[in-house]
file protein.pdb (PDB, C-alpha atoms and all ligand atoms)
ATOM      1  CA  MET K   1     127.663-220.265 -45.425
ATOM      2  CA  THR K   2     126.209-217.240 -43.694
ATOM      3  CA  ILE K   3     122.828-217.676 -42.028
ATOM      4  CA  THR K   4     120.543-214.662 -42.306
ATOM      5  CA  ILE K   5     117.227-214.349 -40.514
ATOM      6  CA  THR K   6     114.643-211.569 -40.739
ATOM      7  CA  ALA K   7     113.083-209.693 -37.840
ATOM      8  CA  PHE K   8     110.966-206.605 -37.213
ATOM      9  CA  GLU K   9     112.815-203.345 -37.732
ATOM     10  CA  ARG K  10     111.034-202.382 -34.513
ATOM     11  CA  SER K  11     108.907-204.988 -32.754
ATOM     12  CA  PRO K  12     105.516-203.759 -31.518
ATOM     13  CA  ASP K  13     106.311-205.359 -28.146
ATOM     14  CA  GLY K  14     109.268-203.036 -27.600
ATOM     15  CA  GLY K  15     111.703-205.906 -27.146
ATOM     16  CA  LYS K  16     109.792-208.204 -24.775
ATOM     17  CA  GLY K  17     110.927-211.135 -26.932
ATOM     18  CA  LEU K  18     107.421-212.118 -28.053
ATOM     19  CA  ALA K  19     108.075-211.759 -31.784
ATOM     20  CA  ARG K  20     108.879-215.086 -33.384
ATOM     21  CA  ASP K  21     112.408-214.284 -34.532
ATOM     22  CA  MET K  22     113.178-214.920 -30.862
ATOM     23  CA  ARG K  23     112.541-218.668 -31.361
ATOM     24  CA  VAL K  24     115.010-218.829 -34.257
ATOM     25  CA  ARG K  25     117.604-216.720 -32.442
ATOM     26  CA  TRP K  26     117.324-219.025 -29.414
ATOM     27  CA  ALA K  27     117.734-222.151 -31.538
ATOM     28  CA  LEU K  28     120.814-220.736 -33.300
ATOM     29  CA  GLU K  29     122.336-219.745 -29.970
ATOM     30  CA  GLU K  30     121.669-223.231 -28.523
ATOM     31  CA  VAL K  31     123.615-224.856 -31.369
ATOM     32  CA  GLY K  32     126.296-222.147 -31.427
ATOM     33  CA  GLN K  33     125.656-220.949 -34.966
ATOM     34  CA  PRO K  34     126.389-217.305 -35.783
ATOM     35  CA  TYR K  35     123.781-215.456 -37.832
ATOM     36  CA  ASP K  36     123.039-212.112 -39.458
ATOM     37  CA  VAL K  37     119.727-210.295 -39.111
ATOM     38  CA  ARG K  38     117.930-208.383 -41.858
ATOM     39  CA  LEU K  39     115.542-205.934 -40.184
ATOM     40  CA  LEU K  40     112.314-205.247 -42.059
ATOM     41  CA  SER K  41     109.713-202.511 -41.789
ATOM     42  CA  PHE K  42     106.085-203.561 -42.005
ATOM     43  CA  LYS K  43     106.060-202.086 -45.526
ATOM     44  CA  ALA K  44     109.136-204.029 -46.644
ATOM     45  CA  MET K  45     107.581-207.272 -45.368
ATOM     46  CA  LYS K  46     104.852-206.947 -47.994
ATOM     47  CA  GLU K  47     107.140-206.094 -50.903
ATOM     48  CA  PRO K  48     108.070-208.605 -53.642
ATOM     49  CA  ALA K  49     111.631-209.169 -52.425
ATOM     50  CA  HIS K  50     110.419-210.478 -49.055
ATOM     51  CA  LEU K  51     107.286-212.168 -50.398
ATOM     52  CA  ALA K  52     109.603-214.259 -52.582
ATOM     53  CA  VAL K  53     110.918-215.838 -49.362
ATOM     54  CA  HIS K  54     107.824-215.558 -47.175
ATOM     55  CA  PRO K  55     104.590-215.900 -49.204
ATOM     56  CA  PHE K  56     102.576-214.471 -46.274
ATOM     57  CA  GLY K  57     104.777-211.399 -45.855
ATOM     58  CA  GLN K  58     105.825-212.138 -42.279
ATOM     59  CA  ILE K  59     108.940-212.593 -40.173
ATOM     60  CA  PRO K  60     110.995-214.598 -39.407
ATOM     61  CA  THR K  61     112.599-216.153 -42.433
ATOM     62  CA  TYR K  62     115.836-218.122 -42.591
ATOM     63  CA  GLU K  63     118.245-217.931 -45.520
ATOM     64  CA  GLU K  64     121.449-219.873 -46.022
ATOM     65  CA  GLY K  65     122.986-219.990 -49.517
ATOM     66  CA  ASP K  66     120.154-220.759 -51.960
ATOM     67  CA  LEU K  67     117.890-222.107 -49.181
ATOM     68  CA  GLY K  68     115.064-219.895 -47.994
ATOM     69  CA  LEU K  69     112.665-221.034 -45.240
ATOM     70  CA  PHE K  70     109.690-219.578 -43.363
ATOM     71  CA  GLU K  71     107.568-220.872 -40.425
ATOM     72  CA  THR K  72     109.423-220.882 -37.101
ATOM     73  CA  GLY K  73     108.623-224.568 -36.507
ATOM     74  CA  ALA K  74     110.221-225.547 -39.805
ATOM     75  CA  ILE K  75     113.200-223.239 -39.265
ATOM     76  CA  VAL K  76     113.882-224.540 -35.738
ATOM     77  CA  PHE K  77     113.532-228.133 -36.973
ATOM     78  CA  HIS K  78     115.980-227.405 -39.819
ATOM     79  CA  ILE K  79     118.509-225.942 -37.373
ATOM     80  CA  ALA K  80     118.030-228.883 -34.995
ATOM     81  CA  GLU K  81     118.493-231.375 -37.840
ATOM     82  CA  ARG K  82     121.727-229.740 -39.049
ATOM     83  CA  HIS K  83     123.462-229.030 -35.756
ATOM     84  CA  ALA K  84     123.853-230.919 -32.468
ATOM     85  CA  GLY K  85     122.257-229.645 -29.311
ATOM     86  CA  LEU K  86     118.508-229.534 -29.899
ATOM     87  CA  LEU K  87     117.515-233.108 -30.762
ATOM     88  CA  PRO K  88     118.725-236.346 -29.116
ATOM     89  CA  ASP K  89     120.773-238.867 -31.090
ATOM     90  CA  ASP K  90     118.553-241.746 -30.012
ATOM     91  CA  ALA K  91     115.957-242.241 -32.762
ATOM     92  CA  ASN K  92     112.942-242.752 -30.479
ATOM     93  CA  ALA K  93     113.880-239.865 -28.185
ATOM     94  CA  ARG K  94     114.389-237.684 -31.285
ATOM     95  CA  ALA K  95     110.943-238.587 -32.584
ATOM     96  CA  ARG K  96     109.395-237.732 -29.191
ATOM     97  CA  ALA K  97     111.181-234.365 -29.116
ATOM     98  CA  ILE K  98     109.790-233.573 -32.567
ATOM     99  CA  THR K  99     106.353-234.638 -31.326
ATOM    100  CA  TRP K 100     106.602-232.007 -28.586
ATOM    101  CA  MET K 101     107.465-229.349 -31.191
ATOM    102  CA  PHE K 102     104.252-230.141 -33.037
ATOM    103  CA  ALA K 103     102.289-230.342 -29.779
ATOM    104  CA  ALA K 104     103.507-226.861 -28.820
ATOM    105  CA  LEU K 105     102.517-225.349 -32.163
ATOM    106  CA  SER K 106      99.379-227.347 -32.993
ATOM    107  CA  THR K 107      97.778-228.109 -29.613
ATOM    108  CA  VAL K 108      99.005-225.701 -26.954
ATOM    109  CA  GLU K 109      99.560-222.490 -28.945
ATOM    110  CA  PRO K 110      96.153-222.172 -30.721
ATOM    111  CA  PRO K 111      94.060-221.486 -27.568
ATOM    112  CA  ILE K 112      96.796-219.128 -26.323
ATOM    113  CA  LEU K 113      96.704-217.174 -29.586
ATOM    114  CA  GLU K 114      92.888-217.133 -29.375
ATOM    115  CA  LEU K 115      93.098-215.656 -25.857
ATOM    116  CA  GLY K 116      95.494-212.981 -27.098
ATOM    117  CA  THR K 117      93.177-212.117 -29.970
ATOM    118  CA  ALA K 118      90.105-212.086 -27.708
ATOM    119  CA  ARG K 119      91.759-209.716 -25.260
ATOM    120  CA  LEU K 120      93.406-207.495 -27.876
ATOM    121  CA  LEU K 121      90.691-207.267 -30.521
ATOM    122  CA  GLU K 122      87.393-208.274 -28.927
ATOM    123  CA  GLY K 123      87.527-206.594 -25.511
ATOM    124  CA  ASP K 124      85.129-203.843 -26.627
ATOM    125  CA  LYS K 125      82.487-206.192 -28.084
ATOM    126  CA  SER K 126      79.175-206.594 -26.235
ATOM    127  CA  TRP K 127      79.619-210.367 -26.060
ATOM    128  CA  SER K 128      83.296-210.241 -24.981
ATOM    129  CA  ALA K 129      82.591-210.691 -21.243
ATOM    130  CA  GLN K 130      80.418-213.698 -22.035
ATOM    131  CA  ARG K 131      82.981-215.283 -24.366
ATOM    132  CA  MET K 132      86.201-214.576 -22.472
ATOM    133  CA  PRO K 133      85.743-217.281 -19.784
ATOM    134  CA  LEU K 134      85.222-219.876 -22.510
ATOM    135  CA  VAL K 135      88.446-218.833 -24.222
ATOM    136  CA  GLU K 136      90.379-218.751 -20.956
ATOM    137  CA  ASP K 137      89.100-222.190 -19.966
ATOM    138  CA  ARG K 138      90.290-223.665 -23.268
ATOM    139  CA  VAL K 139      93.746-222.390 -22.356
ATOM    140  CA  ARG K 140      93.425-223.759 -18.812
ATOM    141  CA  ASN K 141      92.403-227.154 -20.196
ATOM    142  CA  ARG K 142      95.634-227.458 -22.164
ATOM    143  CA  LEU K 143      97.800-225.978 -19.403
ATOM    144  CA  GLY K 144      96.340-228.444 -16.890
ATOM    145  CA  GLN K 145      97.102-231.374 -19.167
ATOM    146  CA  LEU K 146     100.624-230.122 -19.843
ATOM    147  CA  SER K 147     101.212-229.405 -16.146
ATOM    148  CA  ARG K 148     100.198-232.910 -15.179
ATOM    149  CA  ARG K 149     102.427-234.401 -17.870
ATOM    150  CA  LEU K 150     105.475-232.322 -16.931
ATOM    151  CA  GLY K 151     105.073-232.964 -13.193
ATOM    152  CA  ASP K 152     108.308-232.021 -11.433
ATOM    153  CA  ALA K 153     110.586-232.792 -14.392
ATOM    154  CA  ASP K 154     112.963-230.169 -15.714
ATOM    155  CA  TRP K 155     112.077-230.749 -19.375
ATOM    156  CA  LEU K 156     109.330-232.586 -21.261
ATOM    157  CA  ASP K 157     111.278-235.709 -22.205
ATOM    158  CA  GLY K 158     114.718-236.072 -20.607
ATOM    159  CA  ALA K 159     117.275-233.526 -21.804
ATOM    160  CA  PHE K 160     116.312-230.060 -23.070
ATOM    161  CA  SER K 161     115.280-230.236 -26.726
ATOM    162  CA  ALA K 162     113.729-228.256 -29.569
ATOM    163  CA  GLY K 163     110.403-229.474 -28.163
ATOM    164  CA  ASP K 164     111.072-227.559 -24.938
ATOM    165  CA  LEU K 165     112.370-224.529 -26.854
ATOM    166  CA  MET K 166     109.083-224.360 -28.765
ATOM    167  CA  MET K 167     106.874-225.121 -25.748
ATOM    168  CA  VAL K 168     108.580-222.506 -23.541
ATOM    169  CA  SER K 169     108.319-219.989 -26.392
ATOM    170  CA  VAL K 170     104.587-220.694 -26.693
ATOM    171  CA  LEU K 171     103.988-220.419 -22.934
ATOM    172  CA  LEU K 172     105.954-217.149 -22.692
ATOM    173  CA  LYS K 173     103.104-215.415 -24.512
ATOM    174  CA  LEU K 174     100.957-216.067 -21.414
ATOM    175  CA  THR K 175     103.301-214.362 -18.952
ATOM    176  CA  ALA K 176     101.471-211.015 -18.979
ATOM    177  CA  SER K 177      98.031-212.663 -18.694
ATOM    178  CA  GLY K 178      98.672-214.154 -15.256
ATOM    179  CA  VAL K 179      97.123-217.475 -16.296
ATOM    180  CA  LEU K 180     100.482-219.258 -16.212
ATOM    181  CA  ASP K 181     100.862-218.400 -12.499
ATOM    182  CA  GLU K 182      97.998-220.823 -11.823
ATOM    183  CA  TYR K 183     100.418-223.642 -12.775
ATOM    184  CA  PRO K 184     103.569-223.257 -10.632
ATOM    185  CA  ASN K 185     105.432-226.095 -12.337
ATOM    186  CA  LEU K 186     104.803-224.523 -15.753
ATOM    187  CA  SER K 187     105.962-221.119 -14.494
ATOM    188  CA  ALA K 188     109.137-222.769 -13.177
ATOM    189  CA  TYR K 189     109.563-224.619 -16.500
ATOM    190  CA  VAL K 190     109.388-221.342 -18.434
ATOM    191  CA  ALA K 191     111.804-219.709 -15.981
ATOM    192  CA  ARG K 192     114.270-222.574 -16.564
ATOM    193  CA  GLY K 193     114.075-221.877 -20.280
ATOM    194  CA  GLU K 194     114.631-218.154 -19.759
ATOM    195  CA  ALA K 195     117.615-218.910 -17.511
ATOM    196  CA  ARG K 196     119.463-220.747 -20.268
ATOM    197  CA  PRO K 197     122.514-218.775 -21.466
ATOM    198  CA  ALA K 198     121.444-219.300 -25.105
ATOM    199  CA  TYR K 199     118.004-217.822 -24.359
ATOM    200  CA  LYS K 200     119.587-214.829 -22.641
ATOM    201  CA  ARG K 201     121.927-214.166 -25.575
ATOM    202  CA  ALA K 202     119.018-214.354 -27.994
ATOM    203  CA  PHE K 203     116.830-212.120 -25.830
ATOM    204  CA  ASP K 204     119.556-209.509 -25.365
ATOM    205  CA  ALA K 205     120.229-209.434 -29.124
ATOM    206  CA  GLN K 206     116.589-208.680 -29.980
ATOM    207  CA  LEU K 207     116.291-206.214 -27.081
ATOM    208  CA  ALA K 208     119.306-204.255 -28.369
ATOM    209  CA  ILE K 209     117.308-203.595 -31.552
ATOM    210  CA  ASN K 210     113.880-203.025 -30.044
ATOM    211  CA  LYS K 211     114.334-201.386 -26.672
ATOM    212  CA  PRO K 212     112.486-198.090 -26.513
ATOM    213  CA  PRO K 213     114.798-195.041 -26.733
ATOM    214  CA  ALA K 214     115.934-193.811 -23.282
ATOM    215  CA  GLY K 215     114.116-190.822 -21.740
TER
HETATM  216  N1  LIG S   1     103.262-219.232 -38.299
HETATM  217  C1  LIG S   1     104.263-218.211 -38.502
HETATM  218  C2  LIG S   1     103.733-216.903 -37.938
HETATM  219  C3  LIG S   1     104.713-215.771 -38.159
HETATM  220  C4  LIG S   1     104.188-214.494 -37.536
HETATM  221  O1  LIG S   1     103.133-214.471 -36.886
HETATM  222  N2  LIG S   1     104.956-213.430 -37.733
HETATM  223  C5  LIG S   1     104.535-212.140 -37.196
HETATM  224  C6  LIG S   1     105.557-211.659 -36.165
HETATM  225  S1  LIG S   1     105.731-212.790 -34.842
HETATM  226  C7  LIG S   1     104.089-212.609 -34.072
HETATM  227  C8  LIG S   1     104.093-211.465 -33.114
HETATM  228  C9  LIG S   1     103.893-210.170 -33.553
HETATM  229  C10 LIG S   1     103.940-209.119 -32.644
HETATM  230  C11 LIG S   1     104.180-209.387 -31.301
HETATM  231  N3  LIG S   1     104.239-208.336 -30.373
HETATM  232  O2  LIG S   1     104.082-208.592 -29.149
HETATM  233  O3  LIG S   1     104.452-207.192 -30.766
HETATM  234  C12 LIG S   1     104.371-210.692 -30.876
HETATM  235  C13 LIG S   1     104.359-211.729 -31.793
HETATM  236  C14 LIG S   1     104.487-211.133 -38.323
HETATM  237  O4  LIG S   1     105.322-211.138 -39.208
HETATM  238  N4  LIG S   1     103.471-210.262 -38.217
HETATM  239  C15 LIG S   1     103.330-209.194 -39.190
HETATM  240  C16 LIG S   1     102.321-209.546 -40.248
HETATM  241  O5  LIG S   1     101.732-210.649 -40.154
HETATM  242  O6  LIG S   1     102.104-208.702 -41.130
HETATM  243  C17 LIG S   1     105.568-218.620 -37.828
HETATM  244  O7  LIG S   1     105.492-219.264 -36.782
HETATM  245  O8  LIG S   1     106.657-218.268 -38.338
END

call {"tool": "encode", "arguments": {"input": "protein.pdb", "output": "structure tokens"}}
result
Amino acid sequence: MTITITAFERSPDGGKGLARDMRVRWALEEVGQPYDVRLLSFKAMKEPAHLAVHPFGQIPTYEEGDLGLFETGAIVFHIAERHAGLLPDDANARARAITWMFAALSTVEPPILELGTARLLEGDKSWSAQRMPLVEDRVRNRLGQLSRRLGDADWLDGAFSAGDLMMVSVLLKLTASGVLDEYPNLSAYVARGEARPAYKRAFDAQLAINKPPAG
């Protein structure tokens, strides 16, 4: 059955790959599954037809036959469960890979999202300069722990998995901030993710939709 995901009609990032459809595209490319994309305007995302699939009026969603899913973590896990290539066969290794998916979304991403919000929405507040170092240090705390755990390994737990796909996707949001450069092994880890042919196919597909018009 045809897989259809939703994405921004035009992503605010102009195709930098930061919108979360990128995670689903990457997962589908890693397992070699073709997919269609339904592009949505911000208005359409809040209309009943989309809210029926995504109660919070966001993208991405995943539809296949009468199945409709939202939440990138759940969608990537569903893809990884159904197709080989993103989770190991060994039961314990599979459980550890799933653990890293949750760690990416529940432990590493929250301070990174907070930093993005602080910089984007609080920069003009009188207390911003006082608060920013606290927010940045909460990110550094997690990055330091992750950096020490990764060491000089290629991936978090043996072969590349959905845990790495999610962790690299989370860390990519830091690229513009410069904070990731403080952790050379994490920068190299992210670069390894970006160098994967499946990542490149996913990135190019979203860029083709979002790249700013020439001239
Ligand atoms: N927890 C959900 C969060 C989904 C989500 O945040 N979706 C965003 C797009 S990806 C987040 C995002 C948005 C924009 C950029 N950007 O750089 O332009 C990057 C990432 C969305 O639909 N926002 C519109 C809305 O909430 O009304 C998930 O992981 O699927």

call {"tool": "residues_around", "arguments": {"input": "protein.pdb", "residues": "K:Ile59", "least_positions_apart": "6", "cutoff": "9 Å", "atoms": "all atoms listed in the file", "output": "VMD selection string"}}
result
chain K and resid 5 to 8 19 to 21 40 45 70 to 72

call {"tool": "closest_residue", "arguments": {"input": "protein.pdb", "among": "K:Gly32, K:Gly73, K:Gly68, K:Pro48", "to": "ligand LIG 1 (chain S)", "atoms": "all atoms listed in the file"}}
result
K:Gly73

call {"tool": "residues_around", "arguments": {"input": "protein.pdb", "residues": "K:Thr175", "least_positions_apart": "5", "cutoff": "9 Å", "atoms": "only C-alpha atoms", "output": "short mmCIF file (atom, residue, chain, number, x, y, z; two decimals) with C-alpha atoms, in the coordinates of the input"}}
result
data_model
loop_
_atom_site.label_atom_id
_atom_site.label_comp_id
_atom_site.auth_asym_id
_atom_site.auth_seq_id
_atom_site.Cartn_x
_atom_site.Cartn_y
_atom_site.Cartn_z
CA LEU K 180 100.48 -219.26 -16.21
CA ASP K 181 100.86 -218.40 -12.50
CA SER K 187 105.96 -221.12 -14.49
#

call {"tool": "closest_residue", "arguments": {"input": "protein.pdb", "among": "K:Ala44, K:Ala162, K:Met1, K:Leu171", "to": "K:Pro88", "atoms": "only C-alpha atoms"}}
result
K:Ala162

call {"tool": "residues_around", "arguments": {"input": "protein.pdb", "residues": "K:Gly158", "least_positions_apart": "6", "cutoff": "12 Å", "atoms": "all atoms listed in the file", "output": "count of residues only"}}
result
11

call {"tool": "atom_distance", "arguments": {"input": "protein.pdb", "atom1": "atom CA of K:Gly144", "atom2": "atom CA of K:Ile75"}}
result
28.5 Å

call {"tool": "closest_residue", "arguments": {"input": "protein.pdb", "among": "K:Leu156, K:Ile3, K:Leu143, K:Leu105", "to": "ligand LIG 1 (chain S)", "atoms": "all atoms listed in the file"}}
result
K:Leu105

call {"tool": "atom_distance", "arguments": {"input": "protein.pdb", "atom1": "atom CA of K:Ile209", "atom2": "atom CA of K:Ser41"}}
result
12.8 Å

call {"tool": "resolve_selection", "arguments": {"input": "protein.pdb", "expression": "the PyMOL selection byres (((chain K and resi 196) around 12) and not hetatm)", "output": "PyMOL selection string"}}
result
chain K and resi 26-27+29-30+160+164-165+168+189-195+197-203

call {"tool": "closest_residue", "arguments": {"input": "protein.pdb", "among": "K:Arg131, K:Arg10, K:Lys125, K:Arg119", "to": "ligand LIG 1 (chain S)", "atoms": "only C-alpha atoms and all ligand atoms"}}
result
K:Arg10

call {"tool": "axis_aligned_box", "arguments": {"input": "protein.pdb", "around": "stretch 148-152 of chain K", "padding_each_side": "3 Å", "output": "lines of an AutoDock Vina configuration file"}}
result
center_x = 104.3
center_y = -233.2
center_z = -14.7
size_x = 14.1
size_y = 8.4
size_z = 12.4

call {"tool": "closest_residue", "arguments": {"input": "protein.pdb", "among": "K:Arg38, K:Pro111, K:Phe56, K:Ser11", "to": "K:Val170", "atoms": "all atoms listed in the file"}}
result
K:Pro111

call {"tool": "atom_distance", "arguments": {"input": "protein.pdb", "atom1": "atom CA of K:Pro133", "atom2": "atom C15 of ligand LIG 1 (chain S)"}}
result
27.4 Å
